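Data file: data-v7.cif. Format and content: mmCIF, N, CA and C atoms.
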```cif
data_my_file
loop_
_atom_site.label_atom_id
_atom_site.label_comp_id
_atom_site.auth_asym_id
_atom_site.auth_seq_id
_atom_site.Cartn_x
_atom_site.Cartn_y
_atom_site.Cartn_z
N LYS A 1 -21.24 -39.19 -9.06
CA LYS A 1 -19.81 -39.04 -8.81
C LYS A 1 -19.11 -38.38 -10.00
N ALA A 2 -19.44 -38.85 -11.19
CA ALA A 2 -18.81 -38.28 -12.38
C ALA A 2 -19.21 -36.82 -12.56
N ASP A 3 -20.48 -36.49 -12.25
CA ASP A 3 -20.91 -35.09 -12.36
C ASP A 3 -20.11 -34.20 -11.41
N PHE A 4 -19.91 -34.65 -10.18
CA PHE A 4 -19.13 -33.85 -9.23
C PHE A 4 -17.70 -33.69 -9.71
N ALA A 5 -17.10 -34.73 -10.23
CA ALA A 5 -15.73 -34.63 -10.74
C ALA A 5 -15.66 -33.59 -11.86
N GLU A 6 -16.63 -33.61 -12.75
CA GLU A 6 -16.65 -32.63 -13.84
C GLU A 6 -16.89 -31.21 -13.31
N HIS A 7 -17.83 -31.05 -12.39
CA HIS A 7 -18.10 -29.74 -11.81
C HIS A 7 -16.88 -29.22 -11.05
N LEU A 8 -16.21 -30.09 -10.32
CA LEU A 8 -15.03 -29.70 -9.56
C LEU A 8 -13.92 -29.25 -10.51
N THR A 9 -13.70 -29.99 -11.57
CA THR A 9 -12.69 -29.61 -12.56
C THR A 9 -12.99 -28.22 -13.12
N ASN A 10 -14.25 -27.96 -13.46
CA ASN A 10 -14.64 -26.65 -14.00
C ASN A 10 -14.52 -25.54 -12.96
N THR A 11 -14.85 -25.84 -11.71
CA THR A 11 -14.76 -24.85 -10.64
C THR A 11 -13.33 -24.36 -10.44
N LEU A 12 -12.38 -25.24 -10.69
CA LEU A 12 -10.98 -24.84 -10.51
C LEU A 12 -10.58 -23.69 -11.43
N ASN A 13 -11.26 -23.51 -12.56
CA ASN A 13 -10.95 -22.38 -13.44
C ASN A 13 -11.12 -21.06 -12.71
N SER A 14 -12.28 -20.84 -12.12
CA SER A 14 -12.51 -19.57 -11.41
C SER A 14 -11.76 -19.53 -10.08
N TRP A 15 -11.61 -20.68 -9.43
CA TRP A 15 -10.90 -20.71 -8.15
C TRP A 15 -9.45 -20.28 -8.35
N TYR A 16 -8.81 -20.76 -9.41
CA TYR A 16 -7.43 -20.38 -9.68
C TYR A 16 -7.30 -18.92 -10.10
N GLU A 17 -8.34 -18.34 -10.70
CA GLU A 17 -8.31 -16.91 -11.01
C GLU A 17 -8.15 -16.10 -9.72
N GLN A 18 -8.81 -16.54 -8.67
CA GLN A 18 -8.76 -15.84 -7.38
C GLN A 18 -7.54 -16.21 -6.55
N HIS A 19 -7.11 -17.47 -6.59
CA HIS A 19 -6.10 -17.96 -5.66
C HIS A 19 -4.80 -18.43 -6.31
N GLY A 20 -4.72 -18.39 -7.62
CA GLY A 20 -3.58 -18.96 -8.33
C GLY A 20 -2.23 -18.41 -7.91
N ALA A 21 -2.14 -17.09 -7.67
CA ALA A 21 -0.85 -16.49 -7.28
C ALA A 21 -0.41 -17.02 -5.92
N ASP A 22 -1.35 -17.16 -4.99
CA ASP A 22 -1.02 -17.69 -3.66
C ASP A 22 -0.59 -19.16 -3.75
N VAL A 23 -1.27 -19.92 -4.60
CA VAL A 23 -0.93 -21.33 -4.79
C VAL A 23 0.48 -21.45 -5.35
N ALA A 24 0.79 -20.66 -6.36
CA ALA A 24 2.13 -20.71 -6.97
C ALA A 24 3.20 -20.32 -5.96
N ALA A 25 2.93 -19.30 -5.15
CA ALA A 25 3.90 -18.83 -4.16
C ALA A 25 4.15 -19.86 -3.07
N SER A 26 3.17 -20.72 -2.83
CA SER A 26 3.32 -21.71 -1.76
C SER A 26 3.71 -23.09 -2.29
N GLY A 27 3.96 -23.19 -3.58
CA GLY A 27 4.43 -24.46 -4.14
C GLY A 27 3.34 -25.45 -4.47
N GLY A 28 2.11 -25.00 -4.58
CA GLY A 28 1.01 -25.90 -4.95
C GLY A 28 1.02 -26.20 -6.43
N ASN A 29 0.12 -27.05 -6.84
CA ASN A 29 0.00 -27.45 -8.25
C ASN A 29 -0.54 -26.32 -9.11
N THR A 30 -0.18 -26.34 -10.38
CA THR A 30 -0.81 -25.44 -11.34
C THR A 30 -2.26 -25.88 -11.52
N LYS A 31 -3.05 -25.01 -12.12
CA LYS A 31 -4.44 -25.35 -12.38
C LYS A 31 -4.53 -26.63 -13.20
N GLU A 32 -3.69 -26.73 -14.23
CA GLU A 32 -3.74 -27.89 -15.11
C GLU A 32 -3.35 -29.17 -14.35
N GLN A 33 -2.36 -29.08 -13.48
CA GLN A 33 -1.97 -30.25 -12.68
C GLN A 33 -3.11 -30.65 -11.74
N ALA A 34 -3.72 -29.66 -11.10
CA ALA A 34 -4.82 -29.94 -10.17
C ALA A 34 -6.00 -30.56 -10.91
N GLN A 35 -6.34 -30.01 -12.06
CA GLN A 35 -7.47 -30.54 -12.82
C GLN A 35 -7.20 -31.98 -13.26
N ALA A 36 -5.95 -32.29 -13.58
CA ALA A 36 -5.60 -33.65 -14.00
C ALA A 36 -5.75 -34.65 -12.86
N LEU A 37 -5.70 -34.18 -11.62
CA LEU A 37 -5.81 -35.06 -10.46
C LEU A 37 -7.24 -35.31 -10.01
N VAL A 38 -8.19 -34.55 -10.57
CA VAL A 38 -9.60 -34.78 -10.22
C VAL A 38 -10.04 -36.09 -10.88
N SER A 39 -10.64 -36.96 -10.08
CA SER A 39 -11.05 -38.26 -10.59
C SER A 39 -12.34 -38.72 -9.92
N ALA A 40 -13.26 -39.21 -10.73
CA ALA A 40 -14.51 -39.76 -10.18
C ALA A 40 -14.23 -40.92 -9.24
N ASP A 41 -13.12 -41.63 -9.45
CA ASP A 41 -12.75 -42.74 -8.58
C ASP A 41 -12.43 -42.30 -7.15
N LYS A 42 -12.08 -41.04 -6.98
CA LYS A 42 -11.73 -40.50 -5.65
C LYS A 42 -12.92 -39.85 -4.95
N VAL A 43 -14.04 -39.75 -5.64
CA VAL A 43 -15.24 -39.11 -5.09
C VAL A 43 -15.93 -40.08 -4.12
N GLN A 44 -16.28 -39.56 -2.96
CA GLN A 44 -17.01 -40.32 -1.95
C GLN A 44 -18.29 -39.58 -1.59
N GLN A 45 -19.37 -40.31 -1.40
CA GLN A 45 -20.60 -39.68 -0.91
C GLN A 45 -20.50 -39.54 0.60
N VAL A 46 -20.86 -38.35 1.10
CA VAL A 46 -20.87 -38.10 2.54
C VAL A 46 -22.19 -38.64 3.07
N THR A 47 -22.10 -39.61 3.98
CA THR A 47 -23.31 -40.22 4.54
C THR A 47 -23.52 -39.89 6.02
N ASP A 48 -22.51 -39.32 6.65
CA ASP A 48 -22.59 -38.91 8.06
C ASP A 48 -22.68 -37.39 8.09
N PRO A 49 -23.75 -36.84 8.69
CA PRO A 49 -23.89 -35.38 8.75
C PRO A 49 -22.66 -34.68 9.34
N GLU A 50 -21.96 -35.35 10.23
CA GLU A 50 -20.75 -34.77 10.84
C GLU A 50 -19.63 -34.61 9.81
N GLY A 51 -19.73 -35.31 8.69
CA GLY A 51 -18.70 -35.26 7.67
C GLY A 51 -18.82 -34.09 6.71
N ASP A 52 -19.88 -33.29 6.84
CA ASP A 52 -20.08 -32.13 5.97
C ASP A 52 -19.89 -30.86 6.78
N PRO A 53 -18.82 -30.12 6.54
CA PRO A 53 -18.57 -28.90 7.32
C PRO A 53 -19.62 -27.81 7.14
N HIS A 54 -20.40 -27.85 6.06
CA HIS A 54 -21.47 -26.88 5.87
C HIS A 54 -22.81 -27.39 6.39
N ALA A 55 -22.81 -28.59 6.94
CA ALA A 55 -23.97 -29.16 7.63
C ALA A 55 -25.25 -29.14 6.80
N HIS A 56 -25.15 -29.54 5.54
CA HIS A 56 -26.36 -29.66 4.73
C HIS A 56 -27.25 -30.77 5.29
N ASP A 57 -28.53 -30.59 5.16
CA ASP A 57 -29.49 -31.61 5.56
C ASP A 57 -29.40 -32.73 4.51
N LEU A 58 -28.86 -33.87 4.91
CA LEU A 58 -28.64 -34.96 3.96
C LEU A 58 -29.93 -35.61 3.47
N SER A 59 -31.07 -35.25 4.06
CA SER A 59 -32.33 -35.73 3.50
C SER A 59 -32.74 -34.85 2.31
N LYS A 60 -32.13 -33.66 2.20
CA LYS A 60 -32.45 -32.74 1.11
C LYS A 60 -31.31 -32.56 0.12
N PHE A 61 -30.10 -32.93 0.53
CA PHE A 61 -28.92 -32.76 -0.31
C PHE A 61 -28.12 -34.05 -0.39
N ILE A 62 -27.48 -34.25 -1.51
CA ILE A 62 -26.46 -35.29 -1.65
C ILE A 62 -25.13 -34.54 -1.64
N VAL A 63 -24.23 -34.94 -0.77
CA VAL A 63 -22.94 -34.27 -0.65
C VAL A 63 -21.84 -35.26 -0.99
N TYR A 64 -20.93 -34.81 -1.83
CA TYR A 64 -19.78 -35.61 -2.23
C TYR A 64 -18.51 -34.94 -1.75
N SER A 65 -17.47 -35.74 -1.57
CA SER A 65 -16.16 -35.20 -1.20
C SER A 65 -15.09 -35.74 -2.15
N HIS A 66 -13.99 -35.00 -2.23
CA HIS A 66 -12.84 -35.37 -3.06
C HIS A 66 -11.60 -34.86 -2.35
N PRO A 67 -10.54 -35.67 -2.25
CA PRO A 67 -9.31 -35.19 -1.62
C PRO A 67 -8.70 -34.04 -2.41
N ASP A 68 -7.92 -33.23 -1.72
CA ASP A 68 -7.33 -32.05 -2.34
C ASP A 68 -6.41 -32.41 -3.49
N MET A 69 -6.43 -31.59 -4.52
CA MET A 69 -5.55 -31.79 -5.67
C MET A 69 -4.70 -30.55 -5.92
N VAL A 70 -4.94 -29.49 -5.16
CA VAL A 70 -4.12 -28.29 -5.27
C VAL A 70 -2.81 -28.50 -4.51
N TRP A 71 -2.93 -28.99 -3.30
CA TRP A 71 -1.78 -29.39 -2.48
C TRP A 71 -2.00 -30.86 -2.10
N PRO A 72 -1.72 -31.80 -3.00
CA PRO A 72 -1.99 -33.21 -2.72
C PRO A 72 -1.36 -33.67 -1.41
N GLY A 73 -2.12 -34.46 -0.67
CA GLY A 73 -1.64 -34.96 0.61
C GLY A 73 -1.98 -34.04 1.77
N SER A 74 -2.55 -32.87 1.48
CA SER A 74 -2.92 -31.95 2.56
C SER A 74 -4.21 -32.44 3.22
N ASP A 75 -4.62 -31.75 4.27
CA ASP A 75 -5.86 -32.08 4.97
C ASP A 75 -7.08 -31.45 4.31
N ILE A 76 -6.87 -30.72 3.24
CA ILE A 76 -7.98 -30.06 2.56
C ILE A 76 -8.85 -31.10 1.84
N VAL A 77 -10.14 -30.91 1.92
CA VAL A 77 -11.11 -31.77 1.21
C VAL A 77 -12.06 -30.83 0.47
N TRP A 78 -12.40 -31.21 -0.75
CA TRP A 78 -13.36 -30.47 -1.55
C TRP A 78 -14.71 -31.16 -1.45
N PHE A 79 -15.77 -30.36 -1.39
CA PHE A 79 -17.12 -30.88 -1.25
C PHE A 79 -18.03 -30.29 -2.33
N GLY A 80 -19.01 -31.08 -2.73
CA GLY A 80 -20.05 -30.61 -3.64
C GLY A 80 -21.39 -31.02 -3.09
N ALA A 81 -22.31 -30.07 -2.99
CA ALA A 81 -23.66 -30.34 -2.49
C ALA A 81 -24.64 -30.20 -3.64
N TYR A 82 -25.51 -31.20 -3.79
CA TYR A 82 -26.50 -31.25 -4.85
C TYR A 82 -27.87 -31.40 -4.25
N ASP A 83 -28.85 -30.70 -4.82
CA ASP A 83 -30.23 -30.85 -4.39
C ASP A 83 -30.68 -32.28 -4.67
N ARG A 84 -31.15 -32.95 -3.63
CA ARG A 84 -31.53 -34.35 -3.77
C ARG A 84 -32.71 -34.52 -4.73
N ALA A 85 -33.66 -33.60 -4.73
CA ALA A 85 -34.85 -33.73 -5.57
C ALA A 85 -34.55 -33.49 -7.05
N SER A 86 -33.79 -32.44 -7.34
CA SER A 86 -33.57 -32.07 -8.74
C SER A 86 -32.21 -32.53 -9.29
N GLY A 87 -31.28 -32.80 -8.38
CA GLY A 87 -29.93 -33.14 -8.81
C GLY A 87 -29.08 -31.94 -9.16
N ALA A 88 -29.63 -30.74 -9.00
CA ALA A 88 -28.91 -29.52 -9.36
C ALA A 88 -27.78 -29.24 -8.38
N LEU A 89 -26.68 -28.75 -8.91
CA LEU A 89 -25.55 -28.36 -8.08
C LEU A 89 -25.94 -27.17 -7.22
N TYR A 90 -25.69 -27.26 -5.93
CA TYR A 90 -25.99 -26.17 -5.00
C TYR A 90 -24.73 -25.36 -4.71
N GLU A 91 -23.63 -26.05 -4.36
CA GLU A 91 -22.37 -25.35 -4.11
C GLU A 91 -21.20 -26.34 -4.10
N ILE A 92 -20.02 -25.80 -4.38
CA ILE A 92 -18.76 -26.53 -4.24
C ILE A 92 -17.87 -25.68 -3.32
N TYR A 93 -17.23 -26.33 -2.38
CA TYR A 93 -16.40 -25.61 -1.41
C TYR A 93 -15.28 -26.53 -0.91
N ASP A 94 -14.23 -25.88 -0.43
CA ASP A 94 -13.12 -26.65 0.15
C ASP A 94 -13.10 -26.39 1.65
N PHE A 95 -12.50 -27.31 2.38
CA PHE A 95 -12.45 -27.20 3.84
C PHE A 95 -11.27 -28.01 4.36
N ASN A 96 -10.62 -27.46 5.40
CA ASN A 96 -9.58 -28.22 6.10
C ASN A 96 -9.64 -27.97 7.57
#
```
Encoding of this model in structure tokens:
Amino acid sequence: KADFAEHLTNTLNSWYEQHGADVAASGGNTKEQAQALVSADKVQQVTDPEGDPHAHDLSKFIVYSHPDMVWPGSDIVWFGAYDRASGALYEIYDFN
């Protein structure tokens, strides 16, 4: 959980490079505000395959979710998929 929180915080650096202007125009949080809202306490492991929009095989991947921090209270959820055998990060993505 803590690893995903750290990876998610770091991912926001590049994500805001691509989307920061749109976020600012729509009244979302700054990168720094969003990063401050990332918390390991909010991380949940996805245990139902239906709960992962990218449909990773949960026997091969561990998938975590975190509520949105760019537009808090939105329906957006952030996900991180990790290789179950090695623990390596596979991808981080958002979905609503």
Contact residues around range 32-39 of chain A with only N, CA and C atoms at 6.5 Å, ignoring same-chain residues under 6 positions, as a ChimeraX atom specification: /A:5,9,69-70
Sel. of alpha helix (DSSP H) residues, chain A, as a ChimeraX atom specification: /A:2-25,31-37
Residue contacts of Glu91 in chain A (6 Å, only N, CA and C atoms) excluding same-chain residues fewer than 4 positions away, as a PyMOL selection string: chain A and resi 79-82
Non-local contacts of Val23 in chain A (10 Å; only C-alpha atoms; under 6 positions in same chain excluded) as a PyMOL selection string: chain A and resi 16+29-31+70-71
Å distance separating CA of Asp68 in chain A from CA of His56 in chain A, one decimal place: 20.4 Å
Nearest candidate to Asn96 in chain A (options A:Gly20, A:Trp15, A:Arg84, A:Ser74; using all atoms listed in the file):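 Once distances to Asn96 in chain A are computed over all atoms listed in the file, the minimum belongs to A:Ser74.
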Which of A:Ala21, A:Val63, A:Ala40, A:Ile76 sits closest to Phe95 in chain A [using only N, CA and C atoms]: A:Ile76
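In this structure, CA of Asp52 in chain A sits 22.3 Å away from atom N of Asn13 in chain A.
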Backbone DSSP call of strand (DSSP E or B) for chain A, listed as a VMD selection string: chain A and resid 44 to 46 61 to 67 77 to 83 89 to 95
Using the selection just defined, write its residues with N, CA and C atoms as a PDB file, keeping the file's coordinate frame.
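Just written: selection.pdb:
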```
ATOM      1  N   GLN A  44     -16.280 -39.560  -2.960  1.00  0.00           N
ATOM      2  CA  GLN A  44     -17.010 -40.320  -1.950  1.00  0.00           C
ATOM      3  C   GLN A  44     -18.290 -39.580  -1.590  1.00  0.00           C
ATOM      4  N   GLN A  45     -19.370 -40.310  -1.400  1.00  0.00           N
ATOM      5  CA  GLN A  45     -20.600 -39.680  -0.910  1.00  0.00           C
ATOM      6  C   GLN A  45     -20.500 -39.540   0.600  1.00  0.00           C
ATOM      7  N   VAL A  46     -20.860 -38.350   1.100  1.00  0.00           N
ATOM      8  CA  VAL A  46     -20.870 -38.100   2.540  1.00  0.00           C
ATOM      9  C   VAL A  46     -22.190 -38.640   3.070  1.00  0.00           C
ATOM     10  N   PHE A  61     -30.100 -32.930   0.530  1.00  0.00           N
ATOM     11  CA  PHE A  61     -28.920 -32.760  -0.310  1.00  0.00           C
ATOM     12  C   PHE A  61     -28.120 -34.050  -0.390  1.00  0.00           C
ATOM     13  N   ILE A  62     -27.480 -34.250  -1.510  1.00  0.00           N
ATOM     14  CA  ILE A  62     -26.460 -35.290  -1.650  1.00  0.00           C
ATOM     15  C   ILE A  62     -25.130 -34.540  -1.640  1.00  0.00           C
ATOM     16  N   VAL A  63     -24.230 -34.940  -0.770  1.00  0.00           N
ATOM     17  CA  VAL A  63     -22.940 -34.270  -0.650  1.00  0.00           C
ATOM     18  C   VAL A  63     -21.840 -35.260  -0.990  1.00  0.00           C
ATOM     19  N   TYR A  64     -20.930 -34.810  -1.830  1.00  0.00           N
ATOM     20  CA  TYR A  64     -19.780 -35.610  -2.230  1.00  0.00           C
ATOM     21  C   TYR A  64     -18.510 -34.940  -1.750  1.00  0.00           C
ATOM     22  N   SER A  65     -17.470 -35.740  -1.570  1.00  0.00           N
ATOM     23  CA  SER A  65     -16.160 -35.200  -1.200  1.00  0.00           C
ATOM     24  C   SER A  65     -15.090 -35.740  -2.150  1.00  0.00           C
ATOM     25  N   HIS A  66     -13.990 -35.000  -2.230  1.00  0.00           N
ATOM     26  CA  HIS A  66     -12.840 -35.370  -3.060  1.00  0.00           C
ATOM     27  C   HIS A  66     -11.600 -34.860  -2.350  1.00  0.00           C
ATOM     28  N   PRO A  67     -10.540 -35.670  -2.250  1.00  0.00           N
ATOM     29  CA  PRO A  67      -9.310 -35.190  -1.620  1.00  0.00           C
ATOM     30  C   PRO A  67      -8.700 -34.040  -2.410  1.00  0.00           C
ATOM     31  N   VAL A  77     -10.140 -30.910   1.920  1.00  0.00           N
ATOM     32  CA  VAL A  77     -11.110 -31.770   1.210  1.00  0.00           C
ATOM     33  C   VAL A  77     -12.060 -30.830   0.470  1.00  0.00           C
ATOM     34  N   TRP A  78     -12.400 -31.210  -0.750  1.00  0.00           N
ATOM     35  CA  TRP A  78     -13.360 -30.470  -1.550  1.00  0.00           C
ATOM     36  C   TRP A  78     -14.710 -31.160  -1.450  1.00  0.00           C
ATOM     37  N   PHE A  79     -15.770 -30.360  -1.390  1.00  0.00           N
ATOM     38  CA  PHE A  79     -17.120 -30.880  -1.250  1.00  0.00           C
ATOM     39  C   PHE A  79     -18.030 -30.290  -2.330  1.00  0.00           C
ATOM     40  N   GLY A  80     -19.010 -31.080  -2.730  1.00  0.00           N
ATOM     41  CA  GLY A  80     -20.050 -30.610  -3.640  1.00  0.00           C
ATOM     42  C   GLY A  80     -21.390 -31.020  -3.090  1.00  0.00           C
ATOM     43  N   ALA A  81     -22.310 -30.070  -2.990  1.00  0.00           N
ATOM     44  CA  ALA A  81     -23.660 -30.340  -2.490  1.00  0.00           C
ATOM     45  C   ALA A  81     -24.640 -30.200  -3.640  1.00  0.00           C
ATOM     46  N   TYR A  82     -25.510 -31.200  -3.790  1.00  0.00           N
ATOM     47  CA  TYR A  82     -26.500 -31.250  -4.850  1.00  0.00           C
ATOM     48  C   TYR A  82     -27.870 -31.400  -4.250  1.00  0.00           C
ATOM     49  N   ASP A  83     -28.850 -30.700  -4.820  1.00  0.00           N
ATOM     50  CA  ASP A  83     -30.230 -30.850  -4.390  1.00  0.00           C
ATOM     51  C   ASP A  83     -30.680 -32.280  -4.670  1.00  0.00           C
ATOM     52  N   LEU A  89     -26.680 -28.750  -8.910  1.00  0.00           N
ATOM     53  CA  LEU A  89     -25.550 -28.360  -8.080  1.00  0.00           C
ATOM     54  C   LEU A  89     -25.940 -27.170  -7.220  1.00  0.00           C
ATOM     55  N   TYR A  90     -25.690 -27.260  -5.930  1.00  0.00           N
ATOM     56  CA  TYR A  90     -25.990 -26.170  -5.000  1.00  0.00           C
ATOM     57  C   TYR A  90     -24.730 -25.360  -4.710  1.00  0.00           C
ATOM     58  N   GLU A  91     -23.630 -26.050  -4.360  1.00  0.00           N
ATOM     59  CA  GLU A  91     -22.370 -25.350  -4.110  1.00  0.00           C
ATOM     60  C   GLU A  91     -21.200 -26.340  -4.100  1.00  0.00           C
ATOM     61  N   ILE A  92     -20.020 -25.800  -4.380  1.00  0.00           N
ATOM     62  CA  ILE A  92     -18.760 -26.530  -4.240  1.00  0.00           C
ATOM     63  C   ILE A  92     -17.870 -25.680  -3.320  1.00  0.00           C
ATOM     64  N   TYR A  93     -17.230 -26.330  -2.380  1.00  0.00           N
ATOM     65  CA  TYR A  93     -16.400 -25.610  -1.410  1.00  0.00           C
ATOM     66  C   TYR A  93     -15.280 -26.530  -0.910  1.00  0.00           C
ATOM     67  N   ASP A  94     -14.230 -25.880  -0.430  1.00  0.00           N
ATOM     68  CA  ASP A  94     -13.120 -26.650   0.150  1.00  0.00           C
ATOM     69  C   ASP A  94     -13.100 -26.390   1.650  1.00  0.00           C
ATOM     70  N   PHE A  95     -12.500 -27.310   2.380  1.00  0.00           N
ATOM     71  CA  PHE A  95     -12.450 -27.200   3.840  1.00  0.00           C
ATOM     72  C   PHE A  95     -11.270 -28.010   4.360  1.00  0.00           C
TER      73      PHE A  95
END
```
What would range 26-91 of chain A look like if you wrote it out as an mmCIF file, in the first residue's frame, with C-alpha atoms included, from the block I just posted?
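Written output follows (result17.cif):
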```cif
data_model
loop_
_atom_site.group_PDB
_atom_site.id
_atom_site.type_symbol
_atom_site.label_atom_id
_atom_site.label_comp_id
_atom_site.auth_asym_id
_atom_site.auth_seq_id
_atom_site.Cartn_x
_atom_site.Cartn_y
_atom_site.Cartn_z
ATOM 1 C CA SER A 26 -11.614 23.196 -14.559
ATOM 2 C CA GLY A 27 -10.905 24.150 -10.948
ATOM 3 C CA GLY A 28 -9.064 21.003 -9.900
ATOM 4 C CA ASN A 29 -6.271 20.821 -7.358
ATOM 5 C CA THR A 30 -2.726 21.904 -8.072
ATOM 6 C CA LYS A 31 -0.158 19.142 -8.353
ATOM 7 C CA GLU A 32 1.086 19.938 -4.855
ATOM 8 C CA GLN A 33 -2.438 19.826 -3.402
ATOM 9 C CA ALA A 34 -3.149 16.517 -5.154
ATOM 10 C CA GLN A 35 0.126 14.988 -3.997
ATOM 11 C CA ALA A 36 -0.627 16.039 -0.413
ATOM 12 C CA LEU A 37 -3.919 14.106 -0.583
ATOM 13 C CA VAL A 38 -2.289 10.804 -1.569
ATOM 14 C CA SER A 39 -2.315 8.548 1.479
ATOM 15 C CA ALA A 40 -1.497 4.891 2.081
ATOM 16 C CA ASP A 41 -4.502 4.877 4.434
ATOM 17 C CA LYS A 42 -6.796 5.417 1.417
ATOM 18 C CA VAL A 43 -5.261 2.604 -0.648
ATOM 19 C CA GLN A 44 -7.427 -0.485 -1.096
ATOM 20 C CA GLN A 45 -6.474 -3.787 -2.696
ATOM 21 C CA VAL A 46 -8.791 -4.780 -5.539
ATOM 22 C CA THR A 47 -9.966 -8.327 -4.827
ATOM 23 C CA ASP A 48 -12.879 -8.568 -7.287
ATOM 24 C CA PRO A 49 -11.857 -8.806 -10.967
ATOM 25 C CA GLU A 50 -14.881 -6.644 -11.820
ATOM 26 C CA GLY A 51 -13.295 -3.846 -9.776
ATOM 27 C CA ASP A 52 -10.342 -3.421 -12.153
ATOM 28 C CA PRO A 53 -11.254 -1.547 -15.350
ATOM 29 C CA HIS A 54 -8.121 -2.894 -17.085
ATOM 30 C CA ALA A 55 -9.105 -6.458 -16.145
ATOM 31 C CA HIS A 56 -5.707 -7.637 -14.939
ATOM 32 C CA ASP A 57 -5.522 -11.302 -14.037
ATOM 33 C CA LEU A 58 -5.528 -11.059 -10.240
ATOM 34 C CA SER A 59 -3.666 -14.359 -9.981
ATOM 35 C CA LYS A 60 -0.745 -12.624 -11.749
ATOM 36 C CA PHE A 61 -1.179 -9.033 -10.572
ATOM 37 C CA ILE A 62 -1.903 -7.212 -7.345
ATOM 38 C CA VAL A 63 -4.072 -4.178 -8.075
ATOM 39 C CA TYR A 64 -4.575 -1.273 -5.698
ATOM 40 C CA SER A 65 -6.986 1.638 -5.880
ATOM 41 C CA HIS A 66 -6.995 5.158 -4.428
ATOM 42 C CA PRO A 67 -9.782 7.774 -4.571
ATOM 43 C CA ASP A 68 -9.184 10.776 -6.784
ATOM 44 C CA MET A 69 -7.122 13.634 -5.400
ATOM 45 C CA VAL A 70 -7.124 15.874 -8.478
ATOM 46 C CA TRP A 71 -10.856 16.528 -8.201
ATOM 47 C CA PRO A 72 -11.650 15.204 -4.689
ATOM 48 C CA GLY A 73 -15.113 13.715 -4.383
ATOM 49 C CA SER A 74 -15.298 12.860 -8.090
ATOM 50 C CA ASP A 75 -16.021 9.372 -9.422
ATOM 51 C CA ILE A 76 -12.439 9.057 -10.641
ATOM 52 C CA VAL A 77 -10.359 6.273 -9.088
ATOM 53 C CA TRP A 78 -6.629 5.742 -9.538
ATOM 54 C CA PHE A 79 -5.266 2.215 -9.918
ATOM 55 C CA GLY A 80 -1.840 0.622 -9.702
ATOM 56 C CA ALA A 81 -1.066 -2.857 -11.004
ATOM 57 C CA TYR A 82 1.962 -4.763 -9.714
ATOM 58 C CA ASP A 83 3.406 -8.053 -10.890
ATOM 59 C CA ARG A 84 2.477 -10.553 -8.198
ATOM 60 C CA ALA A 85 5.693 -12.588 -8.592
ATOM 61 C CA SER A 86 8.246 -9.769 -8.614
ATOM 62 C CA GLY A 87 6.324 -6.915 -7.013
ATOM 63 C CA ALA A 88 7.359 -4.655 -9.893
ATOM 64 C CA LEU A 89 5.064 -1.817 -10.889
ATOM 65 C CA TYR A 90 3.300 -2.618 -14.155
ATOM 66 C CA GLU A 91 1.121 0.478 -14.642
#
```
